[in-house]
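Content type mmCIF, C-alpha atoms and all ligand atoms, from the file target_34.cif:
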```
data_model
loop_
_atom_site.label_atom_id
_atom_site.label_comp_id
_atom_site.auth_asym_id
_atom_site.auth_seq_id
_atom_site.Cartn_x
_atom_site.Cartn_y
_atom_site.Cartn_z
CA MET A 27 139.43 18.09 145.62
CA PRO A 28 139.19 14.94 147.77
CA MET A 29 136.55 12.37 146.76
CA LEU A 30 134.75 12.96 150.02
CA ILE A 31 133.90 16.51 149.06
CA LYS A 32 132.49 15.34 145.74
CA ARG A 33 130.24 12.83 147.51
CA ASN A 34 129.10 15.20 150.26
CA PRO A 35 129.17 18.72 148.92
CA GLY A 36 126.57 19.76 151.50
CA TRP A 37 128.74 19.60 154.56
CA ARG A 38 131.68 21.60 153.42
CA LEU A 39 131.94 25.07 154.89
CA PRO A 40 131.54 27.70 152.23
CA GLU A 41 134.94 28.78 150.95
CA SER A 42 134.33 32.19 152.45
CA GLN A 43 134.20 30.65 155.93
CA THR A 44 137.34 28.57 156.03
CA THR A 45 140.81 29.28 157.28
CA PRO A 46 142.42 29.61 153.85
CA GLU A 47 140.08 32.51 153.17
CA ALA A 48 141.36 34.12 156.34
CA VAL A 49 144.81 33.79 154.96
CA TYR A 50 143.76 35.12 151.56
CA LEU A 51 142.30 38.20 153.20
CA ASP A 52 145.38 38.56 155.27
CA ARG A 53 147.59 38.44 152.20
CA ARG A 54 145.46 41.04 150.46
CA ARG A 55 145.71 43.26 153.51
CA LEU A 56 149.44 42.73 153.58
CA LEU A 57 149.87 43.60 149.93
CA GLN A 58 147.67 46.64 150.31
CA ALA A 59 149.75 47.74 153.26
CA MET A 60 152.80 47.35 151.05
CA GLY A 61 151.13 49.59 148.48
CA PHE A 62 150.30 46.92 145.91
CA GLY A 63 146.95 46.92 144.10
CA ALA A 64 144.54 44.24 143.01
CA GLY A 65 146.39 43.62 139.73
CA LEU A 66 149.49 42.49 141.48
CA LEU A 67 147.45 40.42 143.88
CA ALA A 68 146.01 38.42 140.97
CA THR A 69 149.49 37.88 139.55
CA THR A 70 150.77 36.79 142.95
CA GLY A 71 147.92 34.34 143.26
CA LEU A 72 148.72 32.75 139.89
CA ALA A 73 152.39 32.54 140.65
CA THR A 74 151.54 30.91 143.94
CA THR A 75 149.40 28.29 142.23
CA ALA A 76 152.29 27.37 139.97
CA VAL A 77 154.66 27.08 142.91
CA MET A 78 152.21 24.91 144.84
CA ARG A 79 152.66 21.89 142.53
CA PRO A 80 155.75 20.07 143.78
CA HIS A 81 157.34 16.95 142.39
CA PRO A 82 156.60 13.90 144.50
CA ALA A 83 159.65 12.10 145.89
CA LEU A 84 161.56 10.60 142.99
CA ALA A 85 162.82 7.54 144.81
CA ALA A 86 160.73 5.22 146.96
CA ASP A 87 161.45 5.50 150.66
CA ALA A 88 163.47 2.82 152.42
CA PRO A 89 161.36 0.66 154.77
CA ASP A 90 160.60 2.47 158.02
CA PRO A 91 163.28 1.47 160.57
CA THR A 92 160.67 1.30 163.35
CA ALA A 93 158.04 -0.70 161.42
CA ASP A 94 158.51 -3.69 163.77
CA LEU A 95 157.01 -1.65 166.65
CA TYR A 96 153.55 -1.59 165.07
CA PRO A 97 150.79 -2.30 165.80
CA ALA A 98 151.30 -1.27 169.45
CA LYS A 99 149.00 -2.42 172.23
CA GLN A 100 145.88 -0.31 172.55
CA ASN A 101 145.36 1.60 175.80
CA PRO A 102 141.75 0.77 176.81
CA ARG A 103 141.42 3.92 178.94
CA TYR A 104 140.60 6.14 175.96
CA THR A 105 137.33 5.11 174.34
CA LEU A 106 135.29 6.67 171.54
CA ASP A 107 131.60 7.55 171.32
CA ARG A 108 131.62 7.03 167.54
CA ALA A 109 133.06 4.80 164.83
CA LEU A 110 136.67 5.20 163.77
CA THR A 111 137.04 7.36 160.68
CA PRO A 112 138.08 5.32 157.62
CA GLU A 113 141.86 5.40 157.15
CA LYS A 114 141.43 6.73 153.63
CA ASP A 115 139.75 9.89 154.93
CA VAL A 116 142.36 10.50 157.62
CA THR A 117 145.17 10.17 155.11
CA THR A 118 143.68 12.10 152.19
CA TYR A 119 141.92 15.04 153.89
CA ASN A 120 144.63 16.99 155.66
CA ASN A 121 145.83 20.36 156.80
CA PHE A 122 149.58 20.72 156.26
CA TYR A 123 150.22 24.24 154.96
CA GLU A 124 153.86 23.52 154.23
CA PHE A 125 152.52 21.45 151.30
CA GLY A 126 149.62 23.70 150.31
CA SER A 127 146.50 25.30 151.70
CA ASP A 128 144.06 22.77 150.21
CA LYS A 129 142.99 19.55 151.90
CA ASP A 130 144.41 17.30 149.18
CA ILE A 131 148.12 17.71 149.92
CA TRP A 132 148.77 14.04 150.62
CA GLU A 133 150.59 13.39 147.35
CA ALA A 134 152.70 16.55 147.61
CA ALA A 135 153.67 15.55 151.16
CA GLN A 136 155.35 12.38 149.87
CA ALA A 137 158.30 14.59 148.93
CA LEU A 138 159.12 15.02 152.62
CA GLN A 139 162.26 13.06 153.53
CA ILE A 140 161.67 11.59 156.97
CA ARG A 141 165.03 9.82 157.40
CA PRO A 142 167.54 10.83 158.57
CA TRP A 143 165.58 12.93 161.07
CA THR A 144 166.65 14.38 164.38
CA VAL A 145 164.88 16.16 167.20
CA LYS A 146 166.67 18.89 169.16
CA PHE A 147 165.96 19.58 172.83
CA GLU A 148 166.88 23.16 173.66
CA GLY A 149 166.45 26.08 176.06
CA MET A 150 165.77 25.44 179.73
CA VAL A 151 167.02 21.86 179.89
CA GLU A 152 169.74 20.28 181.99
CA GLN A 153 171.67 19.69 178.78
CA GLU A 154 170.78 20.59 175.19
CA ARG A 155 170.96 17.62 172.83
CA GLU A 156 169.93 16.31 169.44
CA VAL A 157 168.53 12.80 169.14
CA ASP A 158 168.00 10.55 166.15
CA ILE A 159 164.28 9.85 165.70
CA ASP A 160 164.66 6.06 165.71
CA THR A 161 166.68 6.12 168.94
CA LEU A 162 164.02 8.36 170.44
CA ILE A 163 161.05 6.22 169.34
CA ARG A 164 162.70 3.05 170.68
CA ALA A 165 163.30 4.75 174.05
CA MET A 166 159.59 5.62 174.45
CA PRO A 167 156.66 3.48 175.67
CA LEU A 168 154.55 3.09 172.50
CA GLU A 169 150.80 2.51 172.78
CA GLU A 170 147.74 3.02 170.62
CA ARG A 171 145.03 5.50 171.64
CA LEU A 172 141.66 6.23 170.07
CA TYR A 173 141.03 9.98 170.17
CA ARG A 174 138.55 12.40 168.68
CA HIS A 175 140.22 15.11 166.57
CA ARG A 176 138.33 18.41 166.04
CA CYS A 177 139.59 21.01 163.57
CA VAL A 178 138.80 24.71 164.06
CA GLU A 179 137.23 24.52 160.57
CA ALA A 180 134.38 22.47 162.15
CA TRP A 181 135.18 19.00 160.81
CA SER A 182 136.16 16.06 162.98
CA MET A 183 137.61 12.57 162.87
CA ALA A 184 138.05 9.62 165.23
CA VAL A 185 141.59 8.35 164.91
CA PRO A 186 143.71 5.41 166.17
CA TRP A 187 147.03 7.15 166.89
CA THR A 188 150.14 5.32 168.05
CA GLY A 189 152.75 7.12 170.10
CA PHE A 190 153.71 7.93 173.67
CA PRO A 191 152.67 10.45 176.33
CA LEU A 192 154.31 13.85 175.87
CA LYS A 193 155.17 13.56 179.56
CA ALA A 194 157.52 10.67 178.75
CA LEU A 195 159.32 12.90 176.24
CA ILE A 196 159.55 15.71 178.79
CA ASP A 197 161.06 13.36 181.37
CA TYR A 198 163.56 12.32 178.68
CA ALA A 199 164.39 15.97 177.83
CA LYS A 200 164.94 16.95 181.49
CA PRO A 201 163.75 20.59 181.57
CA THR A 202 164.90 22.73 184.47
CA GLY A 203 162.51 24.01 187.12
CA SER A 204 162.36 27.45 185.43
CA ALA A 205 160.61 26.12 182.31
CA LYS A 206 156.98 27.24 182.08
CA TYR A 207 156.20 26.36 178.46
CA VAL A 208 157.18 23.85 175.84
CA ARG A 209 157.58 25.22 172.31
CA MET A 210 157.65 22.95 169.27
CA GLU A 211 158.76 23.68 165.73
CA THR A 212 158.21 21.96 162.37
CA PHE A 213 160.93 21.33 159.75
CA GLN A 214 161.65 24.00 157.15
CA ASN A 215 163.46 23.01 153.97
CA ASP A 216 163.04 23.00 150.20
CA THR A 217 160.98 19.78 150.01
CA ALA A 218 157.83 21.74 150.76
CA PRO A 219 156.50 24.41 148.39
CA GLY A 220 154.58 26.33 151.06
CA PHE A 221 157.75 28.01 152.27
CA ALA A 222 157.77 30.03 149.06
CA GLN A 223 154.66 31.75 150.39
CA THR A 224 156.57 34.17 152.49
CA PHE A 225 153.52 35.89 153.96
CA TYR A 226 153.19 32.89 156.30
CA PRO A 227 155.25 33.17 159.49
CA TRP A 228 157.30 29.99 158.92
CA PRO A 229 158.31 27.75 160.53
CA TYR A 230 155.10 26.32 162.02
CA VAL A 231 155.32 26.74 165.79
CA GLU A 232 153.08 25.64 168.63
CA GLY A 233 153.28 25.72 172.39
CA LEU A 234 151.74 24.37 175.58
CA THR A 235 152.13 25.21 179.25
CA MET A 236 154.10 22.64 181.20
CA ALA A 237 150.87 21.69 183.00
CA GLU A 238 149.15 21.02 179.65
CA ALA A 239 152.17 19.20 178.24
CA THR A 240 152.33 16.86 181.23
CA ASN A 241 148.57 16.21 181.22
CA GLU A 242 147.98 12.52 180.48
CA LEU A 243 146.09 13.28 177.23
CA ALA A 244 148.94 15.16 175.53
CA PHE A 245 150.34 12.58 173.13
CA MET A 246 153.27 12.43 170.71
CA VAL A 247 152.31 10.52 167.60
CA THR A 248 154.59 8.26 165.57
CA GLY A 249 151.98 5.90 164.14
CA LEU A 250 148.49 5.72 162.67
CA TYR A 251 146.19 2.74 162.00
CA GLY A 252 148.81 0.34 163.37
CA LYS A 253 151.62 1.56 161.08
CA PRO A 254 154.22 4.35 161.12
CA VAL A 255 152.36 7.64 160.67
CA ALA A 256 151.86 8.82 157.09
CA LYS A 257 153.86 11.84 155.94
CA GLN A 258 150.73 13.92 155.32
CA ASP A 259 149.65 13.26 158.92
CA GLY A 260 152.91 14.59 160.36
CA ALA A 261 155.61 11.93 160.12
CA PRO A 262 157.83 11.11 161.80
CA LEU A 263 156.71 12.90 165.00
CA ARG A 264 153.67 15.06 165.71
CA LEU A 265 151.72 16.29 168.70
CA VAL A 266 148.06 15.48 169.44
CA THR A 267 146.07 17.42 172.06
CA PRO A 268 142.52 16.15 171.60
CA TRP A 269 140.81 18.76 173.81
CA LYS A 270 142.16 21.59 171.64
CA TYR A 271 141.47 22.57 168.06
CA GLY A 272 143.54 20.56 165.60
CA PHE A 273 145.88 23.43 164.76
CA LYS A 274 147.67 22.91 168.09
CA SER A 275 148.66 19.43 166.89
CA ILE A 276 151.91 20.43 165.21
CA LYS A 277 153.32 18.04 162.62
CA SER A 278 156.82 16.83 161.64
CA ILE A 279 158.60 18.27 164.67
CA ILE A 280 162.36 18.91 164.64
CA ARG A 281 162.84 21.13 167.70
CA ILE A 282 161.42 21.14 171.21
CA SER A 283 162.39 24.08 173.43
CA PHE A 284 161.63 24.80 177.06
CA THR A 285 161.10 28.43 177.93
CA ASP A 286 159.59 30.82 180.47
CA GLU A 287 157.97 32.93 177.70
CA ARG A 288 154.60 32.02 176.21
CA PRO A 289 155.28 30.90 172.62
CA VAL A 290 153.42 32.70 169.83
CA SER A 291 152.09 30.05 167.51
CA PHE A 292 151.99 30.11 163.70
CA TRP A 293 148.27 30.90 163.50
CA GLU A 294 148.35 33.42 166.32
CA GLN A 295 151.16 35.26 164.59
CA LEU A 296 149.30 35.20 161.27
CA GLN A 297 145.88 36.26 162.57
CA SER A 298 145.77 36.94 166.33
CA SER A 299 142.22 38.29 166.11
CA GLU A 300 141.06 34.75 165.26
CA TYR A 301 143.58 32.32 166.76
CA GLY A 302 145.11 32.42 170.22
CA PHE A 303 147.38 30.45 172.52
CA TRP A 304 144.87 28.25 174.35
CA ALA A 305 142.59 27.08 171.50
CA ASN A 306 140.43 24.83 173.69
CA VAL A 307 137.35 23.43 171.95
CA ASN A 308 134.14 25.16 173.06
CA PRO A 309 130.89 24.94 171.07
CA GLN A 310 129.58 28.10 172.73
CA VAL A 311 132.39 30.36 171.60
CA PRO A 312 132.11 30.91 167.84
CA HIS A 313 135.06 31.55 165.61
CA PRO A 314 134.75 35.23 164.56
CA ARG A 315 133.42 34.05 161.17
CA TRP A 316 131.53 30.80 161.87
CA SER A 317 129.80 28.79 164.59
CA GLN A 318 131.64 26.07 166.51
CA ALA A 319 128.39 24.50 167.79
CA MET A 320 128.40 21.54 165.38
CA GLU A 321 130.96 19.49 163.50
CA ARG A 322 130.96 17.39 160.32
CA VAL A 323 132.17 13.88 161.08
CA LEU A 324 134.41 12.95 158.17
CA GLY A 325 133.63 9.71 156.41
CA THR A 326 129.97 9.76 157.47
CA GLY A 327 128.56 13.10 156.40
CA ASP A 328 126.94 13.35 159.87
CA ARG A 329 126.71 16.66 161.67
CA VAL A 330 126.88 16.26 165.44
CA PRO A 331 127.05 18.73 168.33
CA THR A 332 130.57 19.70 169.41
CA LEU A 333 131.42 19.07 173.07
CA LEU A 334 133.22 21.37 175.50
CA TYR A 335 136.93 20.44 175.49
CA ASN A 336 135.93 18.06 172.68
CA GLY A 337 134.47 15.78 175.37
CA TYR A 338 137.71 15.57 177.40
CA GLY A 339 136.71 17.96 180.23
CA GLU A 340 137.15 15.36 182.97
CA TYR A 341 140.87 15.24 182.13
CA VAL A 342 141.62 18.89 181.42
CA ALA A 343 139.03 21.34 182.83
CA ASP A 344 141.07 21.84 186.02
CA LEU A 345 143.98 23.20 183.97
CA TYR A 346 141.98 26.36 183.24
CA LYS A 347 140.64 27.23 186.69
CA GLY A 348 141.49 30.83 187.52
CA LEU A 349 142.22 31.67 183.88
CA GLU A 350 138.64 32.61 182.97
CA SER A 351 139.65 36.14 181.97
CA GLU A 352 141.85 34.79 179.15
CA ARG A 353 140.85 33.85 175.59
CA LEU A 354 140.70 30.17 176.46
CA TYR A 355 138.58 29.11 173.49
CA THR A 356 140.16 30.70 170.43
N1 LIG B 1 151.30 21.22 161.52
C1 LIG B 1 152.04 21.80 160.56
N2 LIG B 1 153.37 21.75 160.64
N3 LIG B 1 151.46 22.47 159.51
C2 LIG B 1 150.10 22.60 159.42
O1 LIG B 1 149.59 23.23 158.48
N4 LIG B 1 147.91 22.09 160.39
C3 LIG B 1 147.22 21.91 161.68
C4 LIG B 1 147.75 20.69 162.43
N5 LIG B 1 149.20 20.66 162.42
C5 LIG B 1 149.29 22.00 160.42
C6 LIG B 1 149.93 21.28 161.46
C7 LIG B 1 145.78 21.80 161.52
S1 LIG B 1 144.95 23.25 161.13
C8 LIG B 1 145.11 20.64 161.74
S2 LIG B 1 143.40 20.57 161.77
C9 LIG B 1 145.84 19.37 161.93
O2 LIG B 1 147.23 19.52 161.82
C10 LIG B 1 145.38 18.39 160.86
O3 LIG B 1 145.92 17.12 161.07
P1 LIG B 1 145.54 15.96 160.08
O4 LIG B 1 145.81 16.43 158.69
O5 LIG B 1 146.41 14.78 160.46
O6 LIG B 1 144.08 15.66 160.31
#
```
Would you encode the structure as structure tokens?
Ligand code: MTE
Amino acid sequence: MPMLIKRNPGWRLPESQTTPEAVYLDRRRLLQAMGFGAGLLATTGLATTAVMRPHPALAADAPDPTADLYPAKQNPRYTLDRALTPEKDVTTYNNFYEFGSDKDIWEAAQALQIRPWTVKFEGMVEQEREVDIDTLIRAMPLEERLYRHRCVEAWSMAVPWTGFPLKALIDYAKPTGSAKYVRMETFQNDTAPGFAQTFYPWPYVEGLTMAEATNELAFMVTGLYGKPVAKQDGAPLRLVTPWKYGFKSIKSIIRISFTDERPVSFWEQLQSSEYGFWANVNPQVPHPRWSQAMERVLGTGDRVPTLLYNGYGEYVADLYKGLESERLYT
């Protein structure tokens, strides 16, 4: 359990209302469908717990080859209505299911090897290619942005991310005119124990329309608090879409594909009754099992009202005109 939870037990959603519970129920349903009873479920749960304790990386990492690029100049266009969340909270209270379904995966995530690392550009592009992460980062216009970050579990942070507009990456990738969506995929290898939990639809996948991906807010993150981004926060490359629930912000990306088919994301595939493609923040549309009206601001214990599009409507509301019949807010 993170310290924060010990200090502020009041603001945590009851276990029965959080995403992991959804997954637990899903697993039980799955096992029942396979004809297994409760006894086996208990055994499976225990076995899972044992598997979920990985060894941290044995050797210290080499210095980050891009460390000289930080801190990057802050872009003054994106301002906050609240204090920045303490770095300690942002780097010790995480969702990264590849390393476990609890919030305290930060130590386990140190086993992730982030060099060498390549990113593949595939699908509807002028030419498919694979690029070394350091070459890519040095080719991009790095800047710092202060964004709010709102998880579907009803907690939030205010974070100084460093990175570059996703649009810059798309210009670099050169998709063809037929591409309608960008699909992103996380690494999958034996450094992360979550892959042993085969009821999850690995690898983690997310997607955006081309209009969303080229919106000025869509940001590719390589840094955090003026340093290369921590492994538990999605090193060496993650997405941030601050007007959407945090689960769209896919971490540790290795593949970016352009396609004319709407990608089915990890959470949508796991539980489509609760998680959809658009996932825009809306306080008036509850999650099927809890309200989205308020959020707990990490590091303060405050509960504040959640804003439509997480307060970024002036940038993104136009993207959804004419789509009112769709599940825009789940
Ligand atoms: N990306 C991957 N690959 N795996 C994950 O489990 N969790 C998502 C998102 N990206 C997740 C992921 C969820 S639910 C949230 S809220 C954010 O990452 C959390 O980001 P943070 O830990 O940096 O706050």
Using 9 Å as the limit and counting only C-alpha atoms, can you tabulate each residue of range 71-162 of chain A that touches range 259-273 of chain A, with its shortest atom-to-atom distance in Å and the two atoms involved, as a Markdown table?
```
| residue | atom | partner | partner_atom | distance |
| --- | --- | --- | --- | --- |
| A:Val116 | CA | A:Asp259 | CA | 7.9 |
| A:Thr117 | CA | A:Asp259 | CA | 6.6 |
| A:Asn120 | CA | A:Asp259 | CA | 7.1 |
| A:Asn121 | CA | A:Asp259 | CA | 8.3 |
| A:Phe122 | CA | A:Asp259 | CA | 7.9 |
| A:Trp132 | CA | A:Asp259 | CA | 8.4 |
| A:Leu138 | CA | A:Ala261 | CA | 8.8 |
| A:Ile140 | CA | A:Pro262 | CA | 6.2 |
| A:Arg141 | CA | A:Pro262 | CA | 8.5 |
| A:Trp143 | CA | A:Pro262 | CA | 8.0 |
| A:Ile159 | CA | A:Pro262 | CA | 7.6 |
```
**OP:** May I ask which of the residues A:His313, A:Lys114, A:Lys274, A:Lys146 is the closest one to ligand LIG 1 (chain B), counting only C-alpha atoms and all ligand atoms?
**Re:** A:Lys274
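Residue nearest ligand LIG 1 (chain B), chosen from A:Ile196, A:Ala205, A:Met183, A:Leu162 and counting all atoms listed in the file: A:Met183.
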Original post:
From the list A:Glu211, A:Glu133, A:Asp158, A:Asp87, which residue is nearest ligand LIG 1 (chain B) when using all atoms listed in the file?
Top reply: A:Glu211
Original post:
Quick one: residues within 12 Å of Glu287 in chain A, all atoms listed in the file counted, chain neighbours fewer than 4 positions away excluded, as a PyMOL selection string?
Top reply: chain A and resi 149-150+204-209+233-236+283
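One distance worth recording is that between CA of Asp94 in chain A and CA of Glu124 in chain A, which is 29.2 Å.
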Original post:
At most 12 Å from (159.4, 6.5, 171.0), file frame, all atoms listed in the file: which residues, as a VMD selection string?
Top reply: chain A and resid 92 95 to 96 98 145 157 to 169 188 to 195 198 245 to 249 254 262 to 264
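Across the model, the gap from CA of Gln214 in chain A to CA of Lys257 in chain A is 14.5 Å.
Going from CA of Ile276 in chain A to CA of Pro89 in chain A covers 24.3 Å.
Proximity of A:Ile280, A:Ala244, A:Leu106, A:Ala256 to Phe213 in chain A, computed with all atoms listed in the file, is greatest for A:Ile280.
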**OP:** Measuring atom to atom with all atoms listed in the file, identify which of A:Val290, A:Ala184, A:Ala237, A:Val178 is nearest to Leu324 in chain A.
**Re:** A:Ala184
Subject >> Among listed residues A:Asp216, A:Asp107, A:Glu179, A:Glu170, nearest Phe125 in chain A (using only C-alpha atoms) >> reply: A:Asp216
Original post:
Could you name the residues that touch range 295-299 of chain A at 7 Å or less, counting only C-alpha atoms, but leaving out those on the same chain fewer than 3 positions away, as a ChimeraX atom specification?
Top reply: /A:226-227,290-292,302
**OP:** Fewer than 2 positions away in the same chain doesn't count, so skip those; otherwise give me all residues within 10 Å of Val151 in chain A, counting all atoms listed in the file, as a PyMOL selection string.
**Re:** chain A and resi 147-149+153-155+196+199-205+283-285
Write a file for range 267-356 of chain A, containing C-alpha atoms (output as an mmCIF file, in the first residue's frame).
```cif
data_model
loop_
_atom_site.group_PDB
_atom_site.id
_atom_site.type_symbol
_atom_site.label_atom_id
_atom_site.label_comp_id
_atom_site.auth_asym_id
_atom_site.auth_seq_id
_atom_site.Cartn_x
_atom_site.Cartn_y
_atom_site.Cartn_z
ATOM 1 C CA THR A 267 -4.448 12.833 -23.644
ATOM 2 C CA PRO A 268 -5.550 15.050 -20.756
ATOM 3 C CA TRP A 269 -9.206 15.384 -21.804
ATOM 4 C CA LYS A 270 -9.675 11.601 -21.636
ATOM 5 C CA TYR A 271 -9.579 9.168 -18.751
ATOM 6 C CA GLY A 272 -6.050 8.124 -17.873
ATOM 7 C CA PHE A 273 -6.382 4.638 -19.336
ATOM 8 C CA LYS A 274 -6.053 6.110 -22.849
ATOM 9 C CA SER A 275 -2.549 7.281 -21.900
ATOM 10 C CA ILE A 276 -0.718 4.134 -22.961
ATOM 11 C CA LYS A 277 2.737 3.564 -21.481
ATOM 12 C CA SER A 278 6.068 2.193 -22.769
ATOM 13 C CA ILE A 279 5.099 2.189 -26.449
ATOM 14 C CA ILE A 280 6.939 0.009 -28.974
ATOM 15 C CA ARG A 281 4.604 0.093 -31.989
ATOM 16 C CA ILE A 282 2.541 2.787 -33.668
ATOM 17 C CA SER A 283 0.277 1.675 -36.515
ATOM 18 C CA PHE A 284 -1.936 3.665 -38.838
ATOM 19 C CA THR A 285 -5.160 1.984 -39.866
ATOM 20 C CA ASP A 286 -8.650 2.562 -41.245
ATOM 21 C CA GLU A 287 -10.214 0.284 -38.583
ATOM 22 C CA ARG A 288 -11.105 1.573 -35.127
ATOM 23 C CA PRO A 289 -8.676 -0.089 -32.696
ATOM 24 C CA VAL A 290 -10.144 -2.072 -29.795
ATOM 25 C CA SER A 291 -8.277 -1.042 -26.695
ATOM 26 C CA PHE A 292 -7.087 -3.257 -23.836
ATOM 27 C CA TRP A 293 -9.854 -2.192 -21.441
ATOM 28 C CA GLU A 294 -12.567 -2.269 -24.080
ATOM 29 C CA GLN A 295 -11.583 -5.801 -24.991
ATOM 30 C CA LEU A 296 -11.548 -6.841 -21.330
ATOM 31 C CA GLN A 297 -14.834 -5.218 -20.293
ATOM 32 C CA SER A 298 -16.667 -3.428 -23.124
ATOM 33 C CA SER A 299 -19.722 -2.825 -20.940
ATOM 34 C CA GLU A 300 -17.607 -0.421 -18.861
ATOM 35 C CA TYR A 301 -14.837 0.919 -21.108
ATOM 36 C CA GLY A 302 -15.145 2.172 -24.663
ATOM 37 C CA PHE A 303 -13.133 3.783 -27.431
ATOM 38 C CA TRP A 304 -13.712 7.485 -26.721
ATOM 39 C CA ALA A 305 -13.290 7.650 -22.915
ATOM 40 C CA ASN A 306 -13.746 11.426 -22.681
ATOM 41 C CA VAL A 307 -14.028 12.762 -19.134
ATOM 42 C CA ASN A 308 -17.602 13.728 -18.229
ATOM 43 C CA PRO A 309 -18.750 14.210 -14.621
ATOM 44 C CA GLN A 310 -22.382 13.674 -15.629
ATOM 45 C CA VAL A 311 -21.902 10.208 -17.063
ATOM 46 C CA PRO A 312 -21.191 7.774 -14.220
ATOM 47 C CA HIS A 313 -19.093 4.679 -14.605
ATOM 48 C CA PRO A 314 -21.561 1.752 -14.364
ATOM 49 C CA ARG A 315 -20.374 1.174 -10.770
ATOM 50 C CA TRP A 316 -19.443 4.627 -9.423
ATOM 51 C CA SER A 317 -19.976 8.356 -9.912
ATOM 52 C CA GLN A 318 -17.561 10.449 -11.964
ATOM 53 C CA ALA A 319 -18.853 13.738 -10.504
ATOM 54 C CA MET A 320 -15.910 14.307 -8.134
ATOM 55 C CA GLU A 321 -12.240 13.407 -7.992
ATOM 56 C CA ARG A 322 -9.657 12.949 -5.230
ATOM 57 C CA VAL A 323 -6.659 15.180 -5.865
ATOM 58 C CA LEU A 324 -3.645 13.071 -4.978
ATOM 59 C CA GLY A 325 -1.204 14.577 -2.532
ATOM 60 C CA THR A 326 -3.827 16.846 -0.965
ATOM 61 C CA GLY A 327 -6.718 14.633 0.067
ATOM 62 C CA ASP A 328 -9.066 17.240 -1.491
ATOM 63 C CA ARG A 329 -12.180 16.179 -3.336
ATOM 64 C CA VAL A 330 -13.074 18.574 -6.150
ATOM 65 C CA PRO A 331 -15.718 18.532 -8.886
ATOM 66 C CA THR A 332 -14.634 16.898 -12.140
ATOM 67 C CA LEU A 333 -14.904 19.066 -15.261
ATOM 68 C CA LEU A 334 -16.282 18.110 -18.674
ATOM 69 C CA TYR A 335 -13.349 17.025 -20.872
ATOM 70 C CA ASN A 336 -11.300 17.437 -17.684
ATOM 71 C CA GLY A 337 -11.466 21.200 -18.267
ATOM 72 C CA TYR A 338 -10.033 21.041 -21.812
ATOM 73 C CA GLY A 339 -13.311 21.554 -23.731
ATOM 74 C CA GLU A 340 -12.112 24.689 -25.515
ATOM 75 C CA TYR A 341 -9.470 22.564 -27.275
ATOM 76 C CA VAL A 342 -11.395 19.369 -27.965
ATOM 77 C CA ALA A 343 -15.200 19.740 -27.820
ATOM 78 C CA ASP A 344 -15.403 20.330 -31.586
ATOM 79 C CA LEU A 345 -13.896 16.888 -32.229
ATOM 80 C CA TYR A 346 -17.130 15.266 -31.032
ATOM 81 C CA LYS A 347 -19.751 17.316 -32.884
ATOM 82 C CA GLY A 348 -22.088 15.006 -34.770
ATOM 83 C CA LEU A 349 -21.009 11.984 -32.716
ATOM 84 C CA GLU A 350 -23.559 12.471 -29.928
ATOM 85 C CA SER A 351 -25.125 9.060 -30.551
ATOM 86 C CA GLU A 352 -21.860 7.303 -29.620
ATOM 87 C CA ARG A 353 -20.594 6.316 -26.158
ATOM 88 C CA LEU A 354 -18.344 9.354 -25.973
ATOM 89 C CA TYR A 355 -17.874 9.295 -22.202
ATOM 90 C CA THR A 356 -17.007 5.720 -21.286
#
```
